[in-house]
Every structure is written in C-alpha cells, then in structure tokens.
$ cat work-v2.pdb   # PDB, C-alpha atoms
ATOM      1  CA  MET L   1     -21.421   9.567  10.896
ATOM      2  CA  LEU L   2     -19.055   8.412   8.227
ATOM      3  CA  SER L   3     -16.819   6.927  10.880
ATOM      4  CA  THR L   4     -16.599   3.169  10.906
ATOM      5  CA  THR L   5     -14.436   2.697  13.983
ATOM      6  CA  SER L   6     -16.016   2.246  17.372
ATOM      7  CA  ASP L   7     -15.997   5.120  19.840
ATOM      8  CA  ASP L   8     -13.610   3.189  22.061
ATOM      9  CA  ASN L   9     -10.636   3.503  19.749
ATOM     10  CA  HIS L  10     -11.664   6.323  17.450
ATOM     11  CA  TYR L  11      -9.116   8.544  19.158
ATOM     12  CA  LEU L  12      -5.681   7.893  20.542
ATOM     13  CA  ALA L  13      -5.110   8.350  24.254
ATOM     14  CA  PRO L  14      -4.699  12.056  25.089
ATOM     15  CA  THR L  15      -1.194  11.277  26.380
ATOM     16  CA  VAL L  16       0.029  10.305  22.893
ATOM     17  CA  VAL L  17       2.417  13.007  21.701
ATOM     18  CA  GLU L  18       4.520  11.174  19.140
ATOM     19  CA  SER L  19       3.820   9.104  16.053
ATOM     20  CA  VAL L  20       6.238   6.829  14.238
ATOM     21  CA  LYS L  21       5.516   5.336  10.863
ATOM     22  CA  ILE L  22       6.655   2.215   9.130
ATOM     23  CA  LEU L  23       5.965   1.514   5.474
ATOM     24  CA  VAL L  24       4.756  -1.911   4.427
ATOM     25  CA  VAL L  25       5.710  -2.208   0.786
ATOM     26  CA  GLY L  26       5.334  -4.937  -1.785
ATOM     27  CA  SER L  27       3.555  -5.767  -4.992
ATOM     28  CA  PHE L  28      -0.188  -6.209  -5.314
ATOM     29  CA  GLY L  29      -1.654  -9.160  -3.467
ATOM     30  CA  VAL L  30       1.444  -9.849  -1.407
ATOM     31  CA  GLY L  31      -0.411  -9.447   1.889
ATOM     32  CA  LYS L  32       0.267  -5.851   2.967
ATOM     33  CA  THR L  33      -3.260  -5.180   4.191
ATOM     34  CA  THR L  34      -3.437  -8.600   5.834
ATOM     35  CA  LEU L  35      -0.267  -7.847   7.795
ATOM     36  CA  ILE L  36      -1.515  -4.406   8.811
ATOM     37  CA  GLY L  37      -4.839  -5.897   9.907
ATOM     38  CA  SER L  38      -3.052  -8.547  11.966
ATOM     39  CA  VAL L  39      -1.331  -6.005  14.191
ATOM     40  CA  SER L  40      -3.507  -2.885  14.018
ATOM     41  CA  GLU L  41      -5.735  -1.880  16.936
ATOM     42  CA  ILE L  42      -8.231  -0.433  14.442
ATOM     43  CA  ASP L  43      -9.627  -2.133  11.361
ATOM     44  CA  PRO L  44      -7.340  -1.191   8.470
ATOM     45  CA  LEU L  45      -8.532   2.035   6.870
ATOM     46  CA  ARG L  46      -8.175   3.002   3.236
ATOM     47  CA  THR L  47      -7.276   6.446   1.944
ATOM     48  CA  GLU L  48      -7.346   7.288  -1.704
ATOM     49  CA  GLU L  49      -5.022   9.724  -3.374
ATOM     50  CA  THR L  50      -5.078  10.823  -6.980
ATOM     51  CA  ILE L  51      -1.711  10.693  -8.671
ATOM     52  CA  THR L  52      -0.628  11.782 -12.092
ATOM     53  CA  GLU L  53       1.324   9.242 -14.063
ATOM     54  CA  ALA L  54       2.758   8.576 -17.455
ATOM     55  CA  SER L  55       0.535   6.170 -19.327
ATOM     56  CA  GLU L  56       2.665   3.076 -19.555
ATOM     57  CA  GLY L  57       1.780  -0.315 -18.124
ATOM     58  CA  ILE L  58      -1.610  -1.389 -16.918
ATOM     59  CA  ASP L  59      -2.049  -3.496 -13.833
ATOM     60  CA  ALA L  60      -4.429  -4.048 -10.968
ATOM     61  CA  VAL L  61      -5.110  -0.352 -10.470
ATOM     62  CA  ASP L  62      -7.977   1.210 -12.388
ATOM     63  CA  SER L  63      -6.257   2.710 -15.357
ATOM     64  CA  THR L  64      -6.641   3.059 -19.060
ATOM     65  CA  PRO L  65      -3.877   3.970 -21.526
ATOM     66  CA  GLU L  66      -5.441   7.398 -22.141
ATOM     67  CA  LYS L  67      -5.701   8.298 -18.499
ATOM     68  CA  THR L  68      -3.060  10.460 -16.881
ATOM     69  CA  THR L  69      -4.426  10.303 -13.336
ATOM     70  CA  THR L  70      -4.909   7.224 -11.231
ATOM     71  CA  THR L  71      -6.532   6.731  -7.884
ATOM     72  CA  VAL L  72      -4.233   4.810  -5.587
ATOM     73  CA  ALA L  73      -5.594   3.221  -2.459
ATOM     74  CA  MET L  74      -3.370   3.131   0.583
ATOM     75  CA  ASP L  75      -4.335   1.002   3.556
ATOM     76  CA  PHE L  76      -3.116   1.814   7.014
ATOM     77  CA  GLY L  77      -3.454   0.844  10.641
ATOM     78  CA  ARG L  78      -2.109   1.895  13.996
ATOM     79  CA  ILE L  79      -0.801   0.451  17.257
ATOM     80  CA  THR L  80      -0.508   2.447  20.468
ATOM     81  CA  LEU L  81       2.856   1.251  21.771
ATOM     82  CA  THR L  82       3.320   3.332  24.902
ATOM     83  CA  ASP L  83       1.375   6.068  26.688
ATOM     84  CA  GLU L  84       3.132   8.524  24.424
ATOM     85  CA  ILE L  85       3.929   6.756  21.135
ATOM     86  CA  ALA L  86       1.620   5.521  18.383
ATOM     87  CA  LEU L  87       2.981   3.459  15.509
ATOM     88  CA  TYR L  88       1.348   3.853  12.085
ATOM     89  CA  LEU L  89       1.703   1.230   9.379
ATOM     90  CA  PHE L  90       1.130   2.351   5.802
ATOM     91  CA  GLY L  91       0.769  -0.146   3.000
ATOM     92  CA  THR L  92       1.979   1.139  -0.337
ATOM     93  CA  PRO L  93       2.541  -0.640  -3.652
ATOM     94  CA  GLY L  94       6.054   0.759  -3.958
ATOM     95  CA  GLN L  95       6.359   0.605  -7.729
ATOM     96  CA  ARG L  96       8.166   3.344  -9.626
ATOM     97  CA  ARG L  97       4.990   4.796 -11.075
ATOM     98  CA  PHE L  98       3.643   5.476  -7.589
ATOM     99  CA  TRP L  99       6.812   7.211  -6.503
ATOM    100  CA  ASP L 100       5.178  10.634  -6.030
ATOM    101  CA  LEU L 101       2.778   9.105  -3.585
ATOM    102  CA  TRP L 102       5.205   7.177  -1.494
ATOM    103  CA  SER L 103       8.201   9.522  -1.570
ATOM    104  CA  GLY L 104       6.251  11.789   0.792
ATOM    105  CA  LEU L 105       5.447   8.828   2.973
ATOM    106  CA  ALA L 106       9.061   7.685   3.079
ATOM    107  CA  GLU L 107      10.222  10.993   4.533
ATOM    108  CA  GLY L 108      10.609  10.524   8.260
ATOM    109  CA  ALA L 109       9.668   6.844   8.244
ATOM    110  CA  ALA L 110      11.467   4.563  10.694
ATOM    111  CA  GLY L 111      11.891   2.042   7.902
ATOM    112  CA  ALA L 112      10.191  -0.232   5.430
ATOM    113  CA  LEU L 113       9.054  -3.804   5.723
ATOM    114  CA  VAL L 114       9.249  -5.348   2.249
ATOM    115  CA  LEU L 115       6.734  -8.165   1.925
ATOM    116  CA  VAL L 116       7.737 -10.842  -0.560
ATOM    117  CA  ASP L 117       5.830 -13.753  -2.086
ATOM    118  CA  THR L 118       8.250 -16.550  -3.042
ATOM    119  CA  ARG L 119       5.990 -17.547  -5.948
ATOM    120  CA  ARG L 120       6.527 -14.114  -7.505
ATOM    121  CA  LEU L 121       9.987 -13.029  -6.414
ATOM    122  CA  GLU L 122      10.486 -10.997  -9.579
ATOM    123  CA  ASP L 123       7.609  -8.721  -8.530
ATOM    124  CA  SER L 124       9.822  -7.467  -5.698
ATOM    125  CA  PHE L 125      12.711  -6.301  -7.856
ATOM    126  CA  GLU L 126      11.247  -2.919  -8.689
ATOM    127  CA  VAL L 127      10.176  -2.191  -5.110
ATOM    128  CA  LEU L 128      13.642  -3.040  -3.770
ATOM    129  CA  ASP L 129      15.255  -1.018  -6.512
ATOM    130  CA  GLN L 130      13.180   2.040  -5.572
ATOM    131  CA  LEU L 131      14.017   1.666  -1.891
ATOM    132  CA  GLU L 132      17.740   1.287  -2.527
ATOM    133  CA  THR L 133      18.191   4.005  -5.115
ATOM    134  CA  ARG L 134      15.691   6.643  -4.020
ATOM    135  CA  THR L 135      15.597   6.433  -0.234
ATOM    136  CA  SER L 136      17.998   5.842   2.617
ATOM    137  CA  LEU L 137      15.344   3.951   4.551
ATOM    138  CA  PRO L 138      16.441   0.899   6.501
ATOM    139  CA  PHE L 139      14.451  -2.089   5.322
ATOM    140  CA  VAL L 140      13.868  -5.707   6.162
ATOM    141  CA  VAL L 141      12.613  -8.339   3.734
ATOM    142  CA  ALA L 142       9.730 -10.339   5.169
ATOM    143  CA  ILE L 143       8.771 -13.493   3.303
ATOM    144  CA  ASN L 144       5.013 -13.941   3.532
ATOM    145  CA  GLN L 145       4.855 -17.717   3.478
ATOM    146  CA  PHE L 146       1.783 -18.636   1.426
ATOM    147  CA  PRO L 147       0.518 -22.218   1.604
ATOM    148  CA  GLY L 148       2.072 -24.246  -1.199
ATOM    149  CA  ALA L 149       4.647 -21.575  -2.035
ATOM    150  CA  PRO L 150       8.259 -22.672  -2.596
ATOM    151  CA  ASN L 151      10.129 -22.914   0.692
ATOM    152  CA  TYR L 152      13.498 -21.269   0.098
ATOM    153  CA  GLU L 153      16.262 -20.769   2.594
ATOM    154  CA  PRO L 154      16.785 -17.101   3.490
ATOM    155  CA  GLU L 155      20.207 -17.162   1.806
ATOM    156  CA  GLN L 156      18.633 -18.372  -1.431
ATOM    157  CA  ILE L 157      16.248 -15.412  -1.213
ATOM    158  CA  ARG L 158      19.198 -13.107  -0.562
ATOM    159  CA  THR L 159      20.893 -14.289  -3.718
ATOM    160  CA  ALA L 160      17.727 -14.192  -5.813
ATOM    161  CA  LEU L 161      16.885 -10.652  -4.707
ATOM    162  CA  ASP L 162      20.528  -9.509  -4.754
ATOM    163  CA  LEU L 163      20.303  -8.200  -1.182
ATOM    164  CA  ASP L 164      23.208  -6.852   0.880
ATOM    165  CA  ASP L 165      24.571  -9.138   3.581
ATOM    166  CA  GLU L 166      23.336  -6.626   6.177
ATOM    167  CA  THR L 167      19.689  -6.693   5.062
ATOM    168  CA  PRO L 168      17.754  -8.914   7.463
ATOM    169  CA  ILE L 169      15.399 -11.535   5.998
ATOM    170  CA  VAL L 170      12.581 -12.849   8.154
ATOM    171  CA  VAL L 171       9.870 -15.397   7.488
ATOM    172  CA  CYS L 172       6.469 -14.049   8.382
ATOM    173  CA  ASN L 173       2.910 -15.286   8.042
ATOM    174  CA  ALA L 174       0.980 -12.055   7.467
ATOM    175  CA  LYS L 175      -2.088 -13.599   9.107
ATOM    176  CA  ASN L 176      -0.221 -14.277  12.348
ATOM    177  CA  ARG L 177      -0.046 -11.341  14.733
ATOM    178  CA  ASN L 178       3.014 -12.553  16.632
ATOM    179  CA  ALA L 179       4.932 -13.229  13.422
ATOM    180  CA  CYS L 180       4.091  -9.754  12.134
ATOM    181  CA  VAL L 181       5.126  -8.119  15.414
ATOM    182  CA  ARG L 182       8.431 -10.044  15.267
ATOM    183  CA  ALA L 183       9.014  -8.810  11.709
ATOM    184  CA  LEU L 184       8.353  -5.214  12.791
ATOM    185  CA  ALA L 185      10.729  -5.651  15.742
ATOM    186  CA  ALA L 186      13.412  -6.977  13.355
ATOM    187  CA  LEU L 187      12.979  -3.839  11.256
ATOM    188  CA  VAL L 188      13.266  -1.472  14.232
ATOM    189  CA  ARG L 189      16.334  -3.401  15.491
ATOM    190  CA  HIS L 190      17.882  -3.001  12.038
ATOM    191  CA  ALA L 191      16.960   0.713  11.988
ATOM    192  CA  LEU L 192      18.731   1.174  15.327
ATOM    193  CA  LYS L 193      21.887  -0.416  13.897
ATOM    194  CA  THR L 194      21.951   1.966  10.974
ATOM    195  CA  HIS L 195      20.687   4.998  12.907
TER     196      HIS L 195
ATOM    197  CA  MET R   1     -24.053  15.347   9.698
ATOM    198  CA  PRO R   2     -26.082  16.511   6.668
ATOM    199  CA  GLY R   3     -25.437  14.498   3.530
ATOM    200  CA  ALA R   4     -23.653  11.677   5.322
ATOM    201  CA  ARG R   5     -24.722   8.200   4.304
ATOM    202  CA  GLU R   6     -24.585   4.834   5.936
ATOM    203  CA  ASP R   7     -23.213   3.030   2.901
ATOM    204  CA  ASP R   8     -19.791   3.380   1.320
ATOM    205  CA  TYR R   9     -20.878   5.887  -1.283
ATOM    206  CA  VAL R  10     -19.326   9.293  -0.800
ATOM    207  CA  ASP R  11     -20.221  11.954  -3.305
ATOM    208  CA  HIS R  12     -17.904  14.824  -4.072
ATOM    209  CA  PRO R  13     -20.206  17.590  -5.287
ATOM    210  CA  ILE R  14     -17.482  20.121  -4.560
ATOM    211  CA  ARG R  15     -14.222  19.946  -6.475
ATOM    212  CA  SER R  16     -11.094  19.683  -4.367
ATOM    213  CA  TYR R  17      -9.756  23.018  -5.588
ATOM    214  CA  VAL R  18     -12.931  24.745  -4.421
ATOM    215  CA  ARG R  19     -12.555  23.257  -0.970
ATOM    216  CA  THR R  20      -8.983  24.493  -0.747
ATOM    217  CA  GLY R  21      -9.650  27.917  -2.266
ATOM    218  CA  GLY R  22      -7.646  26.983  -5.332
ATOM    219  CA  ARG R  23      -4.466  26.284  -3.393
ATOM    220  CA  ALA R  24      -2.650  23.011  -3.822
ATOM    221  CA  ARG R  25       0.089  23.303  -1.200
ATOM    222  CA  PRO R  26      -0.386  23.431   2.576
ATOM    223  CA  THR R  27       1.667  25.890   4.652
ATOM    224  CA  HIS R  28       2.505  23.274   7.289
ATOM    225  CA  ARG R  29       4.115  19.869   6.853
ATOM    226  CA  LEU R  30       1.125  17.643   7.448
ATOM    227  CA  THR R  31       1.550  13.977   6.571
ATOM    228  CA  PRO R  32      -0.848  11.054   6.923
ATOM    229  CA  ALA R  33       0.790  10.197  10.285
ATOM    230  CA  THR R  34       0.706  13.749  11.681
ATOM    231  CA  LEU R  35      -1.329  13.815  14.893
ATOM    232  CA  LEU R  36      -3.869  16.607  15.386
ATOM    233  CA  ILE R  37      -6.074  17.665  18.267
ATOM    234  CA  GLY R  38      -8.888  20.200  18.261
ATOM    235  CA  HIS R  39      -8.568  23.351  20.343
ATOM    236  CA  THR R  40     -12.114  24.471  19.717
ATOM    237  CA  ASP R  41     -15.595  23.096  20.263
ATOM    238  CA  PRO R  42     -17.010  22.490  16.783
ATOM    239  CA  ALA R  43     -20.492  23.555  17.946
ATOM    240  CA  SER R  44     -19.541  26.828  19.562
ATOM    241  CA  THR R  45     -17.503  28.544  16.909
ATOM    242  CA  SER R  46     -18.521  30.538  13.911
ATOM    243  CA  VAL R  47     -16.399  28.554  11.488
ATOM    244  CA  GLY R  48     -17.416  27.320   8.052
ATOM    245  CA  ARG R  49     -18.898  23.926   7.329
ATOM    246  CA  GLN R  50     -15.705  22.183   6.275
ATOM    247  CA  GLU R  51     -13.778  23.549   9.269
ATOM    248  CA  ARG R  52     -16.585  22.291  11.506
ATOM    249  CA  GLU R  53     -16.391  18.868   9.839
ATOM    250  CA  VAL R  54     -12.662  18.679  10.563
ATOM    251  CA  LEU R  55     -13.177  19.900  14.145
ATOM    252  CA  SER R  56     -15.834  17.224  14.667
ATOM    253  CA  GLN R  57     -13.115  14.645  13.941
ATOM    254  CA  CYS R  58     -10.586  16.300  16.267
ATOM    255  CA  LEU R  59     -12.298  15.803  19.623
ATOM    256  CA  GLY R  60      -9.279  13.744  20.666
ATOM    257  CA  VAL R  61      -5.813  12.973  19.350
ATOM    258  CA  ILE R  62      -6.079  11.541  15.830
ATOM    259  CA  SER R  63      -3.968  11.232  12.686
ATOM    260  CA  MET R  64      -4.452  13.142   9.449
ATOM    261  CA  ALA R  65      -4.988   9.841   7.626
ATOM    262  CA  GLU R  66      -7.837   8.835   9.915
ATOM    263  CA  ILE R  67      -9.542  12.225   9.664
ATOM    264  CA  ALA R  68      -9.222  12.068   5.868
ATOM    265  CA  VAL R  69     -10.855   8.635   5.750
ATOM    266  CA  HIS R  70     -13.675   9.628   8.098
ATOM    267  CA  LEU R  71     -14.384  12.756   6.034
ATOM    268  CA  GLY R  72     -13.992  10.965   2.692
ATOM    269  CA  GLN R  73     -11.289  13.369   1.509
ATOM    270  CA  PRO R  74      -7.775  12.799   0.188
ATOM    271  CA  VAL R  75      -5.053  13.616   2.728
ATOM    272  CA  SER R  76      -3.647  16.198   0.298
ATOM    273  CA  VAL R  77      -6.893  18.199   0.357
ATOM    274  CA  LEU R  78      -7.284  17.906   4.118
ATOM    275  CA  ALA R  79      -3.704  19.152   4.557
ATOM    276  CA  VAL R  80      -4.519  22.479   2.902
ATOM    277  CA  ILE R  81      -7.650  22.998   5.006
ATOM    278  CA  ALA R  82      -5.974  21.837   8.238
ATOM    279  CA  SER R  83      -2.999  24.147   7.641
ATOM    280  CA  ASP R  84      -5.278  27.179   7.690
ATOM    281  CA  MET R  85      -7.014  25.850  10.799
ATOM    282  CA  ILE R  86      -3.654  25.537  12.573
ATOM    283  CA  ASP R  87      -2.810  29.123  11.643
ATOM    284  CA  ALA R  88      -6.198  30.190  12.991
ATOM    285  CA  GLY R  89      -5.561  28.351  16.274
ATOM    286  CA  LEU R  90      -8.529  26.007  15.773
ATOM    287  CA  ILE R  91      -6.464  22.823  15.890
ATOM    288  CA  GLY R  92      -2.999  21.925  17.085
ATOM    289  CA  VAL R  93      -0.300  19.510  15.960
ATOM    290  CA  ARG R  94       1.551  17.098  18.215
ATOM    291  CA  PRO R  95       5.032  18.418  17.345
ATOM    292  CA  ASP R  96       6.763  15.042  17.661
ATOM    293  CA  SER R  97       4.379  13.301  15.295
ATOM    294  CA  ASP R  98       5.968  11.977  12.104
ATOM    295  CA  THR R  99       8.803  14.497  11.939
ATOM    296  CA  ALA R 100      10.672  14.959   8.659
ATOM    297  CA  THR R 101      13.914  13.809  10.268
ATOM    298  CA  GLY R 102      12.343  10.602  11.542
ATOM    299  CA  PRO R 103      12.211   9.138  15.028
ATOM    300  CA  SER R 104      15.095   9.680  17.445
ATOM    301  CA  ARG R 105      17.241   6.788  18.600
ATOM    302  CA  GLU R 106      15.566   7.013  21.988
ATOM    303  CA  THR R 107      12.133   6.729  20.403
ATOM    304  CA  LEU R 108      13.216   3.742  18.293
ATOM    305  CA  GLN R 109      14.445   2.022  21.446
ATOM    306  CA  LYS R 110      11.078   2.611  23.112
ATOM    307  CA  VAL R 111       9.296   1.283  20.010
ATOM    308  CA  LEU R 112      11.453  -1.843  19.953
ATOM    309  CA  HIS R 113      10.942  -2.451  23.665
ATOM    310  CA  ALA R 114       7.187  -2.098  23.274
ATOM    311  CA  LEU R 115       7.078  -4.425  20.235
ATOM    312  CA  ASN R 116       9.084  -7.032  22.132
ATOM    313  CA  HIS R 117       6.495  -6.952  24.912
ATOM    314  CA  LEU R 118       3.286  -6.891  22.844
TER     315      LEU R 118
END

$ encode --input "work-v2.pdb" --output "structure tokens"
Amino acid sequence: MLSTTSDDNHYLAPTVVESVKILVVGSFGVGKTTLIGSVSEIDPLRTEETITEASEGIDAVDSTPEKTTTTVAMDFGRITLTDEIALYLFGTPGQRRFWDLWSGLAEGAAGALVLVDTRRLEDSFEVLDQLETRTSLPFVVAINQFPGAPNYEPEQIRTALDLDDETPIVVCNAKNRNACVRALAALVRHALKTH
Amino acid sequence: MPGAREDDYVDHPIRSYVRTGGRARPTHRLTPATLLIGHTDPASTSVGRQEREVLSQCLGVISMAEIAVHLGQPVSVLAVIASDMIDAGLIGVRPDSDTATGPSRETLQKVLHALNHL
C-alpha cells in the first residue's frame, strides 16, 4: 500500500458529514507545516500540484527561468472536532505567483491563519496583500515566536504590517499544540464576528 | 497493489491527460477538503484499474486530498476521475463537506466550541 497512515485513523468516523477548512498561509519556512503537525490527528500529508506561472523570481521552489510550470507542495492535516465535523488545515505559500493554486482553496474556507516570523516581517506583505485584495476571507495574524527573534508588542506588529484595527494578532509557538489550537479558535471567533 | 512501492518513489508512466481521457475539468465541485465515501466494493465490480484504485481508498469517509496523496496523484487529476465515478454511482460525496459558500454560522459555533474544549 502507498498509504502511510495507520489503519486506525486512515478514515474519518462514518458519522462525519461535514468538513470545514482553514488555510495556514505564510512565506517559506515560517512554520506552516509545524503548526499543522502540532494539531493534526494524522501526520501532515503533502500533495503536489503543477501550476503554470510567469517566469519571474526564483525562490525555494524548484524553478528555472525557462520553466513555465512549477510543482507546488501543499501540506495538510485534519482534526475530527465533533462526531459530524472534521476540520482540515491546508498550508499554502500564499504568494501572488501561486494564486491559481490557492484561489480554489480559499473558496469556502472558514478563514486564514497568517503565520508571521518577526525576523522577516517583510515576507508577509505579499501574503497579506493577496488576502486583502483578492479574497474576503477573515484572517488572524499569528506570530510564530522563534527563539531569538525580536519580541515586538502586537501593536508594533499591527503598525509594521499595516493591519486593520479589527484584525486579531495572536502570539503562537507553532510547536505547541495548545497555542496552535488557541490561534485557530481566535480565527474562528473572528470569522463569527464577520460572518 | 501492483506497482506500488515501499519507498517514496512514485512513477507516473501514464500522463495525467490519459488518465482523465483528455479532460481537464471535473463535472462536480471537488476540492481537497471534499469528503467521499465508496458505495461499491472495489473487488466485486467490473470497473477499470484506476476506478478500483480510488474505490480501494474509499472504504470509509475520507477527503479528496488524502486519497490523492495515497494514490500519488494531483487532486486536480483525481477530481476528474472521481467526478465520473460519482455520476456512475460508485462513490458519494458528503454534501456538507467544504461547500463553496463556506461553513454556516451554526457550524462555526460548533467548531469554536470544539476547539475551546480540545
């Protein structure tokens, strides 16, 4: 079998009739997969999609200037929340050039958790810009506090990222399950306010 | 499963457009978070190999994304194949899974309550 999950949690309970998805967005290396792994009941899985893109910048994805298609990996996990509801978390880079991939994902999502590394705040600009201008998704900014990273007050982050007063900012260690669950709860609370 | 390997290597001897009969667009809205369940025993039906592979992953409730990973296929390719299988009555969709309009307020409240009690 190609399956890597154990038989115990390969399938959801037969009573599950509804799935809800939350996007975990942020630049490369910001801790998306770590966060998903911290809360998921299955080991994070990786799907690969081929996208067509204009040949502009080169970054951590396999890509050469001549190439017009790129394989983008998307990690995801799941949590069974009630007898009937399963929550899916999808990690996506969120940059403009991956828009085709994540616009489909954004449709119907409960919201987006934007993971931010305070050492590289500028890496978040493009992701936030995409969320604000191309979706109506509620989102929460979660600061993944890396050891040794600058320790800013949330309001300093708000100013630096030019966030609305309504956008919640939470501090979250992506390795800590409880912190990640609290960040997800903050997002759903925010989604309910704007729903 | 013939051809399956223990390691991470997954060969794609068949081009995606062959698998999907040349079609690129599925007839149903099937997203990575869409939940499917098989309606048919993969061993007892006279379906083709790729339908049987999908059915073998649908013995319980499972998402498109998970099936795609287990079969080593992109979700976009699986969506085309799974669409036909839904039309043929081989598999079914949980209708409230990942709807285009998003979760209802009631669902969000249940999600929040559950997260607060994890």

$ axis_aligned_box --input "work-v2.pdb" --around "stretch 80-84 of chain R" --padding-each-side "6 Å" --output "lines of an AutoDock Vina configuration file"
center_x = -5.3
center_y = 24.5
center_z = 5.6
size_x = 16.7
size_y = 17.3
size_z = 17.3

$ atom_distance --input "work-v2.pdb" --atom1 "atom CA of R:Glu106" --atom2 "atom CA of L:Arg177"
25.2 Å

$ resolve_selection --input "work-v2.pdb" --expression "the PyMOL selection byres ((chain R) within 9 of (chain L))" --output "compact mmCIF listing (two decimals) with C-alpha atoms, in the coordinates of the input"
# COMPACT_ATOMS: atom_id res chain seq x y z
CA MET R 1 -24.05 15.35 9.70
CA ALA R 4 -23.65 11.68 5.32
CA ARG R 5 -24.72 8.20 4.30
CA GLU R 6 -24.58 4.83 5.94
CA ASP R 7 -23.21 3.03 2.90
CA ASP R 8 -19.79 3.38 1.32
CA THR R 31 1.55 13.98 6.57
CA PRO R 32 -0.85 11.05 6.92
CA ALA R 33 0.79 10.20 10.28
CA THR R 34 0.71 13.75 11.68
CA LEU R 35 -1.33 13.82 14.89
CA ILE R 37 -6.07 17.66 18.27
CA GLN R 57 -13.12 14.64 13.94
CA CYS R 58 -10.59 16.30 16.27
CA LEU R 59 -12.30 15.80 19.62
CA GLY R 60 -9.28 13.74 20.67
CA VAL R 61 -5.81 12.97 19.35
CA ILE R 62 -6.08 11.54 15.83
CA SER R 63 -3.97 11.23 12.69
CA ALA R 65 -4.99 9.84 7.63
CA GLU R 66 -7.84 8.84 9.91
CA ALA R 68 -9.22 12.07 5.87
CA VAL R 69 -10.86 8.64 5.75
CA HIS R 70 -13.68 9.63 8.10
CA LEU R 71 -14.38 12.76 6.03
CA GLY R 72 -13.99 10.96 2.69
CA GLN R 73 -11.29 13.37 1.51
CA PRO R 74 -7.78 12.80 0.19
CA VAL R 75 -5.05 13.62 2.73
CA SER R 76 -3.65 16.20 0.30
CA ARG R 94 1.55 17.10 18.22
CA PRO R 95 5.03 18.42 17.34
CA ASP R 96 6.76 15.04 17.66
CA SER R 97 4.38 13.30 15.30
CA ASP R 98 5.97 11.98 12.10
CA THR R 99 8.80 14.50 11.94
CA ALA R 100 10.67 14.96 8.66
CA THR R 101 13.91 13.81 10.27
CA GLY R 102 12.34 10.60 11.54
CA PRO R 103 12.21 9.14 15.03
CA SER R 104 15.10 9.68 17.44
CA ARG R 105 17.24 6.79 18.60
CA THR R 107 12.13 6.73 20.40
CA LEU R 108 13.22 3.74 18.29
CA GLN R 109 14.44 2.02 21.45
CA LYS R 110 11.08 2.61 23.11
CA VAL R 111 9.30 1.28 20.01
CA LEU R 112 11.45 -1.84 19.95
CA HIS R 113 10.94 -2.45 23.66
CA ALA R 114 7.19 -2.10 23.27
CA LEU R 115 7.08 -4.42 20.24
CA ASN R 116 9.08 -7.03 22.13
CA LEU R 118 3.29 -6.89 22.84

$ resolve_selection --input "work-v2.pdb" --expression "the PyMOL selection byres ((chain L and resi 173) around 10)" --output "ChimeraX atom specification"
/L:31,34-35,38,142-147,170-172,174-180,183

$ atom_distance --input "work-v2.pdb" --atom1 "atom CA of R:Arg29" --atom2 "atom CA of R:Glu51"
18.4 Å

$ residues_around --input "work-v2.pdb" --residues "stretch 26-30 of chain L" --least-positions-apart "2" --cutoff "10 Å" --atoms "all atoms listed in the file" --output "PDB file with C-alpha atoms, in the coordinates of the input"
ATOM      1  CA  LEU L  23       5.965   1.514   5.474  1.00  0.00           C
ATOM      2  CA  VAL L  24       4.756  -1.911   4.427  1.00  0.00           C
ATOM      3  CA  LYS L  32       0.267  -5.851   2.967  1.00  0.00           C
ATOM      4  CA  THR L  33      -3.260  -5.180   4.191  1.00  0.00           C
ATOM      5  CA  THR L  34      -3.437  -8.600   5.834  1.00  0.00           C
ATOM      6  CA  LEU L  35      -0.267  -7.847   7.795  1.00  0.00           C
ATOM      7  CA  ASP L  59      -2.049  -3.496 -13.833  1.00  0.00           C
ATOM      8  CA  ALA L  60      -4.429  -4.048 -10.968  1.00  0.00           C
ATOM      9  CA  VAL L  61      -5.110  -0.352 -10.470  1.00  0.00           C
ATOM     10  CA  GLY L  91       0.769  -0.146   3.000  1.00  0.00           C
ATOM     11  CA  THR L  92       1.979   1.139  -0.337  1.00  0.00           C
ATOM     12  CA  PRO L  93       2.541  -0.640  -3.652  1.00  0.00           C
ATOM     13  CA  GLY L  94       6.054   0.759  -3.958  1.00  0.00           C
ATOM     14  CA  GLN L  95       6.359   0.605  -7.729  1.00  0.00           C
ATOM     15  CA  ALA L 112      10.191  -0.232   5.430  1.00  0.00           C
ATOM     16  CA  LEU L 113       9.054  -3.804   5.723  1.00  0.00           C
ATOM     17  CA  VAL L 114       9.249  -5.348   2.249  1.00  0.00           C
ATOM     18  CA  LEU L 115       6.734  -8.165   1.925  1.00  0.00           C
ATOM     19  CA  VAL L 116       7.737 -10.842  -0.560  1.00  0.00           C
ATOM     20  CA  ASP L 117       5.830 -13.753  -2.086  1.00  0.00           C
ATOM     21  CA  THR L 118       8.250 -16.550  -3.042  1.00  0.00           C
ATOM     22  CA  ARG L 120       6.527 -14.114  -7.505  1.00  0.00           C
ATOM     23  CA  LEU L 121       9.987 -13.029  -6.414  1.00  0.00           C
ATOM     24  CA  GLU L 122      10.486 -10.997  -9.579  1.00  0.00           C
ATOM     25  CA  ASP L 123       7.609  -8.721  -8.530  1.00  0.00           C
ATOM     26  CA  SER L 124       9.822  -7.467  -5.698  1.00  0.00           C
ATOM     27  CA  PHE L 125      12.711  -6.301  -7.856  1.00  0.00           C
ATOM     28  CA  GLU L 126      11.247  -2.919  -8.689  1.00  0.00           C
ATOM     29  CA  VAL L 127      10.176  -2.191  -5.110  1.00  0.00           C
ATOM     30  CA  LEU L 128      13.642  -3.040  -3.770  1.00  0.00           C
ATOM     31  CA  VAL L 141      12.613  -8.339   3.734  1.00  0.00           C
ATOM     32  CA  ALA L 142       9.730 -10.339   5.169  1.00  0.00           C
ATOM     33  CA  ILE L 143       8.771 -13.493   3.303  1.00  0.00           C
ATOM     34  CA  ASN L 144       5.013 -13.941   3.532  1.00  0.00           C
ATOM     35  CA  GLN L 145       4.855 -17.717   3.478  1.00  0.00           C
ATOM     36  CA  PHE L 146       1.783 -18.636   1.426  1.00  0.00           C
ATOM     37  CA  ALA L 174       0.980 -12.055   7.467  1.00  0.00           C
TER      38      ALA L 174
END

$ resolve_selection --input "work-v2.pdb" --expression "the PyMOL selection byres ((chain R and resi 90) around 12)" --output "PyMOL selection string"
chain R and resi 36-42+44-48+51-52+54-56+58-59+81-89+91-93

$ atom_distance --input "work-v2.pdb" --atom1 "atom CA of L:Trp102" --atom2 "atom CA of L:Arg119"
25.1 Å

$ closest_residue --input "work-v2.pdb" --among "R:Ala79, R:Thr27, R:His117, R:Ile67" --to "R:Glu53" --atoms "only C-alpha atoms"
R:Ile67
